[in-house]
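Chemist: Please find one structure pasted underneath; my questions will follow.
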Amino acid sequence: MADRTLASEAWWSEYRDVVNADPEMTQHGRDAFDEDFLVGIGDEHFLLEMHDGEVQDVRTPGLDDAWSFGVVGPREAWEEFVSEVPAAHHNEVFASFYRTAVKGEEGYFDLIGNHKKIFQNFRGFQRALDLMRTAHNGGEPRTEGTHRPREATDEPITGQYVTIDLDGVDHRIYYEAAGPADGIPLLCQHTAGCNNQQWRHVLNDPEITEHFRVVAYDLPRHGKSVPPSSESWWADQYDLTAERFTDTIVSIADALELEDPVFIGSSMGGTITLELADWHADRFRALIGLEAGLFTPGFYIQWLDHPHVNANDVNSHATWGLMAPHGPEWARRETLYLYEQGANGVLKGDLHYYSMDHDYSETADQIDATQVRMYLMNGEYDYLTNPAAAREAAAAIGDGATAHEMKATGHFPMSERPELFRAYLEPVLDDIRGVRDEPITEVFAPEDFGVEANK
């Protein structure tokens, strides 16, 4: 493309060719994505006419035109969005919109028009915008790191079930484990709406399992932990609460007879470390909160479980903007794939805890982290709980809580950046084991550990 000026006539022509040749749009947009949408780049507005997932035309909208929805923002935000490796929160449309709509920050995108139509066309709309970056940078998508590394053919992981009692009802809980029976228990909590497969790289890591007994479980209704047969669960609204969440975690630790375990969790598994420190400090050796924050509003929304919306597409592709854009494609796609396995209503129900019931914005000082060490580790590209949220939480809690920024990763570090996450986690685990003398750095970066950005 000779003219790489964003939104020039030649630029839009190249963009149309890229979209119409994209295999992902071919597979998922044909006979479906027919909604015209508006793109506002500073003072300029463009109408994209779509038919069967193809761009038919791009032009200035007129008074006779109709369109369903649009995305608008300052030109500087669009210039960052189409750069090869965008800055955090500029990497995807919903990442940018969250900073505008929920955080009230300037310099990001806003979504206009019919939000229901946006969520009905979530996957195609997201992909169409992402391909602007492909067109802007030469017409070929980034391919580095797209191939899965060679993996063990005989993995040391074992899977079992254990039964726990929650309010008088038996729940059959699936868990996987690896590492020596006398190792320090490392209890791993998955993110909202997902399952323990997110932790498979940690379970398979011989350097971690040399000293730790890694245990990764599925919460009730998640993964292989099917709902209890003694309840008509299909007729009830599932809304997770902080009390139910902590009771489940402690019950699993008790049922497995884990002595002085370390707890680690991401997203809602990161925020729950605050409740665990507040209510069950004596049950754990240490708490590692990935993507943790005092208050995480804005994600308990109807479109995540709505009869007019493909919840499978929305819930899975909502993960895309939460991950670092320059991470390995295979790992980001696997992270997204795991979300395609969730049951309807479960992600939204988990987010009731995450966005409604969890709030330490005024009460974090009641947590005594001198009783149980807290490590709050947030990814650079996590637009929900960015590194500033971890620093805010650690400062509010006080002694015993530390914040650590993880560069070049996002909301799912253990699955989207497995090699990098192992490097970041090692000094924390060494500190917990008492074999590290120097303080843990406040900022982890790939170059400090000799890990390539896309590995």
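Every chain in the structure tokens has a letter given in the order shown (A, B, ...), and although residue numbers restart at 1 in each chain, ligands are simply numbered from 1 in the order shown.
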Which polymer residues have any atom within 12 Å of an atom of Asp430 of chain A, counting only C-alpha atoms, with same-chain residues fewer than 2 positions away left out, as number ranges by chain?

Modeler: A: 184, 207-208, 210-212, 423-428, 432-440

Chemist: Arg99 of chain A: which residues within 10 Å, counting only C-alpha atoms, same-chain residues fewer than 2 positions away excluded, as a PyMOL selection string?

Modeler: chain A and resi 89-90+94-97+101-110+383-384

Chemist: Store the residues picked out above in a file with N, CA and C atoms, as a PDB file, in the first residue's frame.

Modeler:
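Generated file (selection-v8.pdb):
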```
ATOM      1  N   HIS A  89      -4.508  -0.894  26.476  1.00  0.00           N
ATOM      2  CA  HIS A  89      -5.891  -0.430  26.415  1.00  0.00           C
ATOM      3  C   HIS A  89      -6.253   0.231  25.083  1.00  0.00           C
ATOM      4  N   HIS A  90      -5.284   0.392  24.195  1.00  0.00           N
ATOM      5  CA  HIS A  90      -5.553   0.863  22.831  1.00  0.00           C
ATOM      6  C   HIS A  90      -5.545  -0.303  21.841  1.00  0.00           C
ATOM      7  N   PHE A  94     -13.082  -2.890  22.628  1.00  0.00           N
ATOM      8  CA  PHE A  94     -13.755  -2.926  23.921  1.00  0.00           C
ATOM      9  C   PHE A  94     -12.801  -2.600  25.066  1.00  0.00           C
ATOM     10  N   ALA A  95     -11.519  -2.884  24.882  1.00  0.00           N
ATOM     11  CA  ALA A  95     -10.527  -2.450  25.857  1.00  0.00           C
ATOM     12  C   ALA A  95     -10.532  -0.936  25.968  1.00  0.00           C
ATOM     13  N   SER A  96     -10.578  -0.277  24.822  1.00  0.00           N
ATOM     14  CA  SER A  96     -10.583   1.186  24.784  1.00  0.00           C
ATOM     15  C   SER A  96     -11.897   1.737  25.330  1.00  0.00           C
ATOM     16  N   PHE A  97     -13.009   1.132  24.919  1.00  0.00           N
ATOM     17  CA  PHE A  97     -14.326   1.618  25.342  1.00  0.00           C
ATOM     18  C   PHE A  97     -14.513   1.516  26.855  1.00  0.00           C
ATOM     19  N   ALA A 101     -16.072   4.317  29.171  1.00  0.00           N
ATOM     20  CA  ALA A 101     -17.406   4.175  29.743  1.00  0.00           C
ATOM     21  C   ALA A 101     -17.389   3.920  31.248  1.00  0.00           C
ATOM     22  N   VAL A 102     -16.449   3.141  31.730  1.00  0.00           N
ATOM     23  CA  VAL A 102     -16.432   2.758  33.138  1.00  0.00           C
ATOM     24  C   VAL A 102     -15.439   3.592  33.938  1.00  0.00           C
ATOM     25  N   LYS A 103     -14.268   3.841  33.363  1.00  0.00           N
ATOM     26  CA  LYS A 103     -13.235   4.575  34.087  1.00  0.00           C
ATOM     27  C   LYS A 103     -13.297   6.083  33.867  1.00  0.00           C
ATOM     28  N   GLY A 104     -14.049   6.518  32.853  1.00  0.00           N
ATOM     29  CA  GLY A 104     -14.198   7.952  32.603  1.00  0.00           C
ATOM     30  C   GLY A 104     -12.931   8.637  32.136  1.00  0.00           C
ATOM     31  N   GLU A 105     -12.066   7.894  31.466  1.00  0.00           N
ATOM     32  CA  GLU A 105     -10.798   8.453  30.999  1.00  0.00           C
ATOM     33  C   GLU A 105     -10.947   9.018  29.593  1.00  0.00           C
ATOM     34  N   GLU A 106     -10.115   9.968  29.252  1.00  0.00           N
ATOM     35  CA  GLU A 106     -10.141  10.594  27.939  1.00  0.00           C
ATOM     36  C   GLU A 106      -9.080   9.973  27.036  1.00  0.00           C
ATOM     37  N   GLY A 107      -9.276  10.156  25.720  1.00  0.00           N
ATOM     38  CA  GLY A 107      -8.299   9.676  24.757  1.00  0.00           C
ATOM     39  C   GLY A 107      -8.542   8.266  24.268  1.00  0.00           C
ATOM     40  N   TYR A 108      -9.729   7.707  24.557  1.00  0.00           N
ATOM     41  CA  TYR A 108     -10.062   6.355  24.131  1.00  0.00           C
ATOM     42  C   TYR A 108     -11.316   6.373  23.260  1.00  0.00           C
ATOM     43  N   PHE A 109     -11.779   5.204  22.839  1.00  0.00           N
ATOM     44  CA  PHE A 109     -12.944   5.080  21.971  1.00  0.00           C
ATOM     45  C   PHE A 109     -14.245   5.162  22.761  1.00  0.00           C
ATOM     46  N   ASP A 110     -15.297   5.510  22.035  1.00  0.00           N
ATOM     47  CA  ASP A 110     -16.650   5.414  22.561  1.00  0.00           C
ATOM     48  C   ASP A 110     -17.483   4.632  21.550  1.00  0.00           C
ATOM     49  N   TYR A 383      -7.202  -4.257  30.922  1.00  0.00           N
ATOM     50  CA  TYR A 383      -7.920  -2.979  31.022  1.00  0.00           C
ATOM     51  C   TYR A 383      -8.927  -2.966  32.163  1.00  0.00           C
ATOM     52  N   LEU A 384      -9.225  -4.126  32.757  1.00  0.00           N
ATOM     53  CA  LEU A 384     -10.139  -4.181  33.903  1.00  0.00           C
ATOM     54  C   LEU A 384      -9.417  -3.834  35.198  1.00  0.00           C
TER      55      LEU A 384
END
```

Chemist: Can you tell me how far atom CA of Ala318 of chain A sits from atom CA of Gly289 of chain A, in Å to one decimal?

Modeler: 21.3 Å

Chemist: What residues in segment 6-199 of chain A get the DSSP label helix (DSSP H, G or I)? Please answer as a PDB file with N, CA, C and O atoms, in the first residue's frame.

Modeler:
```pdb
ATOM      1  N   GLU A   9      -8.041   7.492   1.043  1.00  0.00           N
ATOM      2  CA  GLU A   9      -8.781   6.674   0.081  1.00  0.00           C
ATOM      3  C   GLU A   9      -8.036   5.377  -0.223  1.00  0.00           C
ATOM      4  O   GLU A   9      -8.636   4.293  -0.283  1.00  0.00           O
ATOM      5  N   ALA A  10      -6.721   5.486  -0.403  1.00  0.00           N
ATOM      6  CA  ALA A  10      -5.926   4.291  -0.684  1.00  0.00           C
ATOM      7  C   ALA A  10      -5.902   3.356   0.523  1.00  0.00           C
ATOM      8  O   ALA A  10      -5.915   2.121   0.381  1.00  0.00           O
ATOM      9  N   TRP A  11      -5.868   3.928   1.703  1.00  0.00           N
ATOM     10  CA  TRP A  11      -5.856   3.130   2.935  1.00  0.00           C
ATOM     11  C   TRP A  11      -7.141   2.314   3.050  1.00  0.00           C
ATOM     12  O   TRP A  11      -7.095   1.113   3.324  1.00  0.00           O
ATOM     13  N   TRP A  12      -8.279   2.944   2.811  1.00  0.00           N
ATOM     14  CA  TRP A  12      -9.551   2.228   2.899  1.00  0.00           C
ATOM     15  C   TRP A  12      -9.663   1.154   1.813  1.00  0.00           C
ATOM     16  O   TRP A  12     -10.238   0.086   2.040  1.00  0.00           O
ATOM     17  N   SER A  13      -9.099   1.425   0.659  1.00  0.00           N
ATOM     18  CA  SER A  13      -9.122   0.435  -0.412  1.00  0.00           C
ATOM     19  C   SER A  13      -8.338  -0.819  -0.017  1.00  0.00           C
ATOM     20  O   SER A  13      -8.788  -1.948  -0.229  1.00  0.00           O
ATOM     21  N   GLU A  14      -7.165  -0.585   0.575  1.00  0.00           N
ATOM     22  CA  GLU A  14      -6.356  -1.707   1.054  1.00  0.00           C
ATOM     23  C   GLU A  14      -7.090  -2.451   2.178  1.00  0.00           C
ATOM     24  O   GLU A  14      -7.092  -3.689   2.223  1.00  0.00           O
ATOM     25  N   TYR A  15      -7.705  -1.701   3.052  1.00  0.00           N
ATOM     26  CA  TYR A  15      -8.433  -2.306   4.161  1.00  0.00           C
ATOM     27  C   TYR A  15      -9.561  -3.206   3.658  1.00  0.00           C
ATOM     28  O   TYR A  15      -9.743  -4.325   4.147  1.00  0.00           O
ATOM     29  N   ARG A  16     -10.304  -2.729   2.681  1.00  0.00           N
ATOM     30  CA  ARG A  16     -11.403  -3.526   2.132  1.00  0.00           C
ATOM     31  C   ARG A  16     -10.882  -4.840   1.575  1.00  0.00           C
ATOM     32  O   ARG A  16     -11.478  -5.911   1.788  1.00  0.00           O
ATOM     33  N   ASP A  17      -9.748  -4.793   0.871  1.00  0.00           N
ATOM     34  CA  ASP A  17      -9.172  -6.019   0.310  1.00  0.00           C
ATOM     35  C   ASP A  17      -8.752  -6.990   1.411  1.00  0.00           C
ATOM     36  O   ASP A  17      -8.940  -8.221   1.285  1.00  0.00           O
ATOM     37  N   VAL A  18      -8.183  -6.457   2.497  1.00  0.00           N
ATOM     38  CA  VAL A  18      -7.735  -7.305   3.607  1.00  0.00           C
ATOM     39  C   VAL A  18      -8.921  -7.985   4.278  1.00  0.00           C
ATOM     40  O   VAL A  18      -8.902  -9.198   4.539  1.00  0.00           O
ATOM     41  N   VAL A  19      -9.979  -7.234   4.559  1.00  0.00           N
ATOM     42  CA  VAL A  19     -11.162  -7.808   5.206  1.00  0.00           C
ATOM     43  C   VAL A  19     -11.790  -8.879   4.319  1.00  0.00           C
ATOM     44  O   VAL A  19     -12.122  -9.977   4.778  1.00  0.00           O
ATOM     45  N   ASN A  20     -11.941  -8.572   3.042  1.00  0.00           N
ATOM     46  CA  ASN A  20     -12.655  -9.482   2.142  1.00  0.00           C
ATOM     47  C   ASN A  20     -11.858 -10.740   1.812  1.00  0.00           C
ATOM     48  O   ASN A  20     -12.421 -11.712   1.298  1.00  0.00           O
ATOM     49  N   ALA A  21     -10.562 -10.733   2.134  1.00  0.00           N
ATOM     50  CA  ALA A  21      -9.733 -11.925   1.912  1.00  0.00           C
ATOM     51  C   ALA A  21      -9.429 -12.668   3.203  1.00  0.00           C
ATOM     52  O   ALA A  21      -8.769 -13.705   3.174  1.00  0.00           O
ATOM     53  N   PRO A  23      -9.636 -15.161   6.118  1.00  0.00           N
ATOM     54  CA  PRO A  23     -10.324 -16.453   6.295  1.00  0.00           C
ATOM     55  C   PRO A  23     -11.238 -16.482   7.509  1.00  0.00           C
ATOM     56  O   PRO A  23     -12.256 -17.179   7.509  1.00  0.00           O
ATOM     57  N   GLU A  24     -10.889 -15.747   8.570  1.00  0.00           N
ATOM     58  CA  GLU A  24     -11.743 -15.729   9.753  1.00  0.00           C
ATOM     59  C   GLU A  24     -13.067 -15.030   9.468  1.00  0.00           C
ATOM     60  O   GLU A  24     -14.137 -15.470   9.909  1.00  0.00           O
ATOM     61  N   MET A  25     -13.007 -13.931   8.715  1.00  0.00           N
ATOM     62  CA  MET A  25     -14.243 -13.258   8.326  1.00  0.00           C
ATOM     63  C   MET A  25     -15.047 -14.126   7.364  1.00  0.00           C
ATOM     64  O   MET A  25     -16.276 -14.160   7.403  1.00  0.00           O
ATOM     65  N   THR A  26     -14.330 -14.852   6.515  1.00  0.00           N
ATOM     66  CA  THR A  26     -15.013 -15.754   5.588  1.00  0.00           C
ATOM     67  C   THR A  26     -15.787 -16.826   6.345  1.00  0.00           C
ATOM     68  O   THR A  26     -16.939 -17.133   6.032  1.00  0.00           O
ATOM     69  N   GLN A  27     -15.156 -17.385   7.366  1.00  0.00           N
ATOM     70  CA  GLN A  27     -15.768 -18.486   8.107  1.00  0.00           C
ATOM     71  C   GLN A  27     -16.912 -18.022   8.992  1.00  0.00           C
ATOM     72  O   GLN A  27     -17.941 -18.700   9.102  1.00  0.00           O
ATOM     73  N   HIS A  28     -16.749 -16.866   9.629  1.00  0.00           N
ATOM     74  CA  HIS A  28     -17.712 -16.478  10.658  1.00  0.00           C
ATOM     75  C   HIS A  28     -18.569 -15.263  10.289  1.00  0.00           C
ATOM     76  O   HIS A  28     -19.528 -14.970  11.007  1.00  0.00           O
ATOM     77  N   GLY A  29     -18.241 -14.589   9.212  1.00  0.00           N
ATOM     78  CA  GLY A  29     -19.005 -13.405   8.860  1.00  0.00           C
ATOM     79  C   GLY A  29     -19.989 -13.597   7.724  1.00  0.00           C
ATOM     80  O   GLY A  29     -20.957 -12.833   7.589  1.00  0.00           O
ATOM     81  N   ARG A  75      -8.277  11.119  16.741  1.00  0.00           N
ATOM     82  CA  ARG A  75      -7.374  10.532  15.738  1.00  0.00           C
ATOM     83  C   ARG A  75      -6.150   9.899  16.402  1.00  0.00           C
ATOM     84  O   ARG A  75      -5.662   8.863  15.941  1.00  0.00           O
ATOM     85  N   GLU A  76      -5.673  10.497  17.481  1.00  0.00           N
ATOM     86  CA  GLU A  76      -4.505   9.946  18.170  1.00  0.00           C
ATOM     87  C   GLU A  76      -4.787   8.535  18.688  1.00  0.00           C
ATOM     88  O   GLU A  76      -3.907   7.666  18.667  1.00  0.00           O
ATOM     89  N   ALA A  77      -6.018   8.304  19.149  1.00  0.00           N
ATOM     90  CA  ALA A  77      -6.374   6.973  19.629  1.00  0.00           C
ATOM     91  C   ALA A  77      -6.387   5.965  18.485  1.00  0.00           C
ATOM     92  O   ALA A  77      -5.961   4.814  18.645  1.00  0.00           O
ATOM     93  N   TRP A  78      -6.872   6.388  17.317  1.00  0.00           N
ATOM     94  CA  TRP A  78      -6.887   5.493  16.159  1.00  0.00           C
ATOM     95  C   TRP A  78      -5.473   5.219  15.654  1.00  0.00           C
ATOM     96  O   TRP A  78      -5.166   4.096  15.246  1.00  0.00           O
ATOM     97  N   GLU A  79      -4.613   6.233  15.679  1.00  0.00           N
ATOM     98  CA  GLU A  79      -3.223   6.030  15.251  1.00  0.00           C
ATOM     99  C   GLU A  79      -2.545   4.990  16.145  1.00  0.00           C
ATOM    100  O   GLU A  79      -1.786   4.137  15.671  1.00  0.00           O
ATOM    101  N   GLU A  80      -2.833   5.053  17.435  1.00  0.00           N
ATOM    102  CA  GLU A  80      -2.265   4.070  18.359  1.00  0.00           C
ATOM    103  C   GLU A  80      -2.885   2.703  18.133  1.00  0.00           C
ATOM    104  O   GLU A  80      -2.196   1.674  18.159  1.00  0.00           O
ATOM    105  N   PHE A  81      -4.182   2.668  17.895  1.00  0.00           N
ATOM    106  CA  PHE A  81      -4.906   1.414  17.691  1.00  0.00           C
ATOM    107  C   PHE A  81      -4.349   0.620  16.511  1.00  0.00           C
ATOM    108  O   PHE A  81      -4.247  -0.606  16.575  1.00  0.00           O
ATOM    109  N   VAL A  93     -11.111  -2.694  20.549  1.00  0.00           N
ATOM    110  CA  VAL A  93     -12.179  -1.712  20.675  1.00  0.00           C
ATOM    111  C   VAL A  93     -12.824  -1.717  22.049  1.00  0.00           C
ATOM    112  O   VAL A  93     -13.086  -0.655  22.631  1.00  0.00           O
ATOM    113  N   PHE A  94     -13.082  -2.890  22.628  1.00  0.00           N
ATOM    114  CA  PHE A  94     -13.755  -2.926  23.921  1.00  0.00           C
ATOM    115  C   PHE A  94     -12.801  -2.600  25.066  1.00  0.00           C
ATOM    116  O   PHE A  94     -13.228  -2.100  26.102  1.00  0.00           O
ATOM    117  N   ALA A  95     -11.519  -2.884  24.882  1.00  0.00           N
ATOM    118  CA  ALA A  95     -10.527  -2.450  25.857  1.00  0.00           C
ATOM    119  C   ALA A  95     -10.532  -0.936  25.968  1.00  0.00           C
ATOM    120  O   ALA A  95     -10.501  -0.364  27.065  1.00  0.00           O
ATOM    121  N   SER A  96     -10.578  -0.277  24.822  1.00  0.00           N
ATOM    122  CA  SER A  96     -10.583   1.186  24.784  1.00  0.00           C
ATOM    123  C   SER A  96     -11.897   1.737  25.330  1.00  0.00           C
ATOM    124  O   SER A  96     -11.913   2.689  26.118  1.00  0.00           O
ATOM    125  N   PHE A  97     -13.009   1.132  24.919  1.00  0.00           N
ATOM    126  CA  PHE A  97     -14.326   1.618  25.342  1.00  0.00           C
ATOM    127  C   PHE A  97     -14.513   1.516  26.855  1.00  0.00           C
ATOM    128  O   PHE A  97     -15.129   2.380  27.480  1.00  0.00           O
ATOM    129  N   TYR A  98     -13.975   0.454  27.474  1.00  0.00           N
ATOM    130  CA  TYR A  98     -14.102   0.294  28.921  1.00  0.00           C
ATOM    131  C   TYR A  98     -13.456   1.461  29.659  1.00  0.00           C
ATOM    132  O   TYR A  98     -13.986   1.949  30.658  1.00  0.00           O
ATOM    133  N   ARG A  99     -12.290   1.902  29.163  1.00  0.00           N
ATOM    134  CA  ARG A  99     -11.612   3.017  29.825  1.00  0.00           C
ATOM    135  C   ARG A  99     -12.429   4.303  29.715  1.00  0.00           C
ATOM    136  O   ARG A  99     -12.378   5.171  30.580  1.00  0.00           O
ATOM    137  N   THR A 100     -13.225   4.424  28.643  1.00  0.00           N
ATOM    138  CA  THR A 100     -14.105   5.583  28.482  1.00  0.00           C
ATOM    139  C   THR A 100     -15.360   5.444  29.332  1.00  0.00           C
ATOM    140  O   THR A 100     -15.694   6.328  30.127  1.00  0.00           O
ATOM    141  N   ALA A 101     -16.072   4.317  29.171  1.00  0.00           N
ATOM    142  CA  ALA A 101     -17.406   4.175  29.743  1.00  0.00           C
ATOM    143  C   ALA A 101     -17.389   3.920  31.248  1.00  0.00           C
ATOM    144  O   ALA A 101     -18.256   4.424  31.967  1.00  0.00           O
ATOM    145  N   HIS A 115     -26.440  -0.815  21.167  1.00  0.00           N
ATOM    146  CA  HIS A 115     -25.494  -1.737  21.803  1.00  0.00           C
ATOM    147  C   HIS A 115     -25.930  -3.188  21.640  1.00  0.00           C
ATOM    148  O   HIS A 115     -25.087  -4.088  21.570  1.00  0.00           O
ATOM    149  N   LYS A 116     -27.212  -3.439  21.588  1.00  0.00           N
ATOM    150  CA  LYS A 116     -27.670  -4.809  21.366  1.00  0.00           C
ATOM    151  C   LYS A 116     -27.158  -5.317  20.024  1.00  0.00           C
ATOM    152  O   LYS A 116     -26.683  -6.456  19.910  1.00  0.00           O
ATOM    153  N   LYS A 117     -27.220  -4.485  18.996  1.00  0.00           N
ATOM    154  CA  LYS A 117     -26.710  -4.879  17.684  1.00  0.00           C
ATOM    155  C   LYS A 117     -25.198  -5.128  17.731  1.00  0.00           C
ATOM    156  O   LYS A 117     -24.684  -6.019  17.047  1.00  0.00           O
ATOM    157  N   ILE A 118     -24.492  -4.352  18.537  1.00  0.00           N
ATOM    158  CA  ILE A 118     -23.051  -4.567  18.678  1.00  0.00           C
ATOM    159  C   ILE A 118     -22.785  -5.968  19.214  1.00  0.00           C
ATOM    160  O   ILE A 118     -21.965  -6.718  18.673  1.00  0.00           O
ATOM    161  N   PHE A 119     -23.487  -6.343  20.277  1.00  0.00           N
ATOM    162  CA  PHE A 119     -23.247  -7.651  20.880  1.00  0.00           C
ATOM    163  C   PHE A 119     -23.775  -8.789  20.012  1.00  0.00           C
ATOM    164  O   PHE A 119     -23.247  -9.902  20.054  1.00  0.00           O
ATOM    165  N   GLN A 120     -24.773  -8.526  19.190  1.00  0.00           N
ATOM    166  CA  GLN A 120     -25.233  -9.552  18.253  1.00  0.00           C
ATOM    167  C   GLN A 120     -24.227  -9.786  17.136  1.00  0.00           C
ATOM    168  O   GLN A 120     -24.212 -10.849  16.517  1.00  0.00           O
ATOM    169  N   PHE A 122     -20.809  -9.172  17.671  1.00  0.00           N
ATOM    170  CA  PHE A 122     -19.588  -8.938  18.445  1.00  0.00           C
ATOM    171  C   PHE A 122     -18.346  -9.446  17.726  1.00  0.00           C
ATOM    172  O   PHE A 122     -17.376  -8.721  17.535  1.00  0.00           O
ATOM    173  N   ARG A 123     -18.394 -10.685  17.307  1.00  0.00           N
ATOM    174  CA  ARG A 123     -17.206 -11.318  16.727  1.00  0.00           C
ATOM    175  C   ARG A 123     -16.803 -10.667  15.414  1.00  0.00           C
ATOM    176  O   ARG A 123     -15.626 -10.349  15.192  1.00  0.00           O
ATOM    177  N   GLY A 124     -17.781 -10.456  14.520  1.00  0.00           N
ATOM    178  CA  GLY A 124     -17.464  -9.850  13.232  1.00  0.00           C
ATOM    179  C   GLY A 124     -17.008  -8.416  13.361  1.00  0.00           C
ATOM    180  O   GLY A 124     -16.068  -7.979  12.684  1.00  0.00           O
ATOM    181  N   PHE A 125     -17.662  -7.650  14.222  1.00  0.00           N
ATOM    182  CA  PHE A 125     -17.304  -6.247  14.444  1.00  0.00           C
ATOM    183  C   PHE A 125     -15.894  -6.136  15.003  1.00  0.00           C
ATOM    184  O   PHE A 125     -15.071  -5.338  14.537  1.00  0.00           O
ATOM    185  N   GLN A 126     -15.581  -6.950  15.996  1.00  0.00           N
ATOM    186  CA  GLN A 126     -14.250  -6.944  16.596  1.00  0.00           C
ATOM    187  C   GLN A 126     -13.183  -7.292  15.562  1.00  0.00           C
ATOM    188  O   GLN A 126     -12.143  -6.632  15.472  1.00  0.00           O
ATOM    189  N   ARG A 127     -13.437  -8.327  14.768  1.00  0.00           N
ATOM    190  CA  ARG A 127     -12.464  -8.759  13.771  1.00  0.00           C
ATOM    191  C   ARG A 127     -12.287  -7.700  12.690  1.00  0.00           C
ATOM    192  O   ARG A 127     -11.155  -7.420  12.260  1.00  0.00           O
ATOM    193  N   ALA A 128     -13.390  -7.086  12.271  1.00  0.00           N
ATOM    194  CA  ALA A 128     -13.305  -6.054  11.238  1.00  0.00           C
ATOM    195  C   ALA A 128     -12.423  -4.899  11.685  1.00  0.00           C
ATOM    196  O   ALA A 128     -11.640  -4.351  10.891  1.00  0.00           O
ATOM    197  N   LEU A 129     -12.513  -4.529  12.947  1.00  0.00           N
ATOM    198  CA  LEU A 129     -11.683  -3.441  13.455  1.00  0.00           C
ATOM    199  C   LEU A 129     -10.234  -3.886  13.635  1.00  0.00           C
ATOM    200  O   LEU A 129      -9.302  -3.145  13.318  1.00  0.00           O
ATOM    201  N   ASP A 130     -10.017  -5.091  14.125  1.00  0.00           N
ATOM    202  CA  ASP A 130      -8.645  -5.589  14.287  1.00  0.00           C
ATOM    203  C   ASP A 130      -7.898  -5.631  12.952  1.00  0.00           C
ATOM    204  O   ASP A 130      -6.676  -5.420  12.898  1.00  0.00           O
ATOM    205  N   LEU A 131      -8.631  -5.901  11.872  1.00  0.00           N
ATOM    206  CA  LEU A 131      -7.985  -5.976  10.560  1.00  0.00           C
ATOM    207  C   LEU A 131      -7.532  -4.620  10.052  1.00  0.00           C
ATOM    208  O   LEU A 131      -6.764  -4.546   9.087  1.00  0.00           O
ATOM    209  N   MET A 132      -7.959  -3.549  10.693  1.00  0.00           N
ATOM    210  CA  MET A 132      -7.401  -2.238  10.371  1.00  0.00           C
ATOM    211  C   MET A 132      -5.904  -2.216  10.668  1.00  0.00           C
ATOM    212  O   MET A 132      -5.120  -1.622   9.929  1.00  0.00           O
ATOM    213  N   ARG A 133      -5.508  -2.884  11.733  1.00  0.00           N
ATOM    214  CA  ARG A 133      -4.091  -2.952  12.088  1.00  0.00           C
ATOM    215  C   ARG A 133      -3.321  -3.757  11.047  1.00  0.00           C
ATOM    216  O   ARG A 133      -2.196  -3.404  10.659  1.00  0.00           O
ATOM    217  N   THR A 134      -3.923  -4.844  10.601  1.00  0.00           N
ATOM    218  CA  THR A 134      -3.283  -5.661   9.565  1.00  0.00           C
ATOM    219  C   THR A 134      -3.079  -4.854   8.294  1.00  0.00           C
ATOM    220  O   THR A 134      -1.989  -4.863   7.704  1.00  0.00           O
ATOM    221  N   ALA A 135      -4.120  -4.143   7.869  1.00  0.00           N
ATOM    222  CA  ALA A 135      -4.025  -3.338   6.649  1.00  0.00           C
ATOM    223  C   ALA A 135      -2.996  -2.227   6.799  1.00  0.00           C
ATOM    224  O   ALA A 135      -2.229  -1.934   5.869  1.00  0.00           O
ATOM    225  N   HIS A 136      -2.962  -1.616   7.965  1.00  0.00           N
ATOM    226  CA  HIS A 136      -2.078  -0.476   8.188  1.00  0.00           C
ATOM    227  C   HIS A 136      -0.608  -0.878   8.187  1.00  0.00           C
ATOM    228  O   HIS A 136       0.256  -0.063   7.860  1.00  0.00           O
ATOM    229  N   ASN A 196     -10.131 -25.184  34.916  1.00  0.00           N
ATOM    230  CA  ASN A 196      -8.751 -25.352  35.378  1.00  0.00           C
ATOM    231  C   ASN A 196      -7.743 -25.588  34.264  1.00  0.00           C
ATOM    232  O   ASN A 196      -6.534 -25.600  34.517  1.00  0.00           O
ATOM    233  N   GLN A 197      -8.191 -25.754  33.025  1.00  0.00           N
ATOM    234  CA  GLN A 197      -7.239 -25.930  31.922  1.00  0.00           C
ATOM    235  C   GLN A 197      -6.331 -24.714  31.747  1.00  0.00           C
ATOM    236  O   GLN A 197      -5.262 -24.818  31.131  1.00  0.00           O
ATOM    237  N   GLN A 198      -6.743 -23.574  32.268  1.00  0.00           N
ATOM    238  CA  GLN A 198      -5.890 -22.388  32.205  1.00  0.00           C
ATOM    239  C   GLN A 198      -4.556 -22.605  32.910  1.00  0.00           C
ATOM    240  O   GLN A 198      -3.585 -21.902  32.620  1.00  0.00           O
ATOM    241  N   TRP A 199      -4.495 -23.568  33.815  1.00  0.00           N
ATOM    242  CA  TRP A 199      -3.292 -23.768  34.630  1.00  0.00           C
ATOM    243  C   TRP A 199      -2.438 -24.936  34.148  1.00  0.00           C
ATOM    244  O   TRP A 199      -1.506 -25.352  34.837  1.00  0.00           O
TER     245      TRP A 199
END
```

Chemist: Quick one: everything within 6 Å of Leu47 of chain A, counting only C-alpha atoms, minus sequence neighbours fewer than 6 positions away in the same chain. Send it as a list in words.

Modeler: Phe37, Leu38, Val58, Arg59, Thr60 and Pro61 of chain A

Chemist: Can you list, as an MDAnalysis selection string, every residue of segment 277-455 of chain A that DSSP puts in strand (DSSP E or B)?

Modeler: chainID A and resid 286:290 295 359 373:379 401:406 443:444
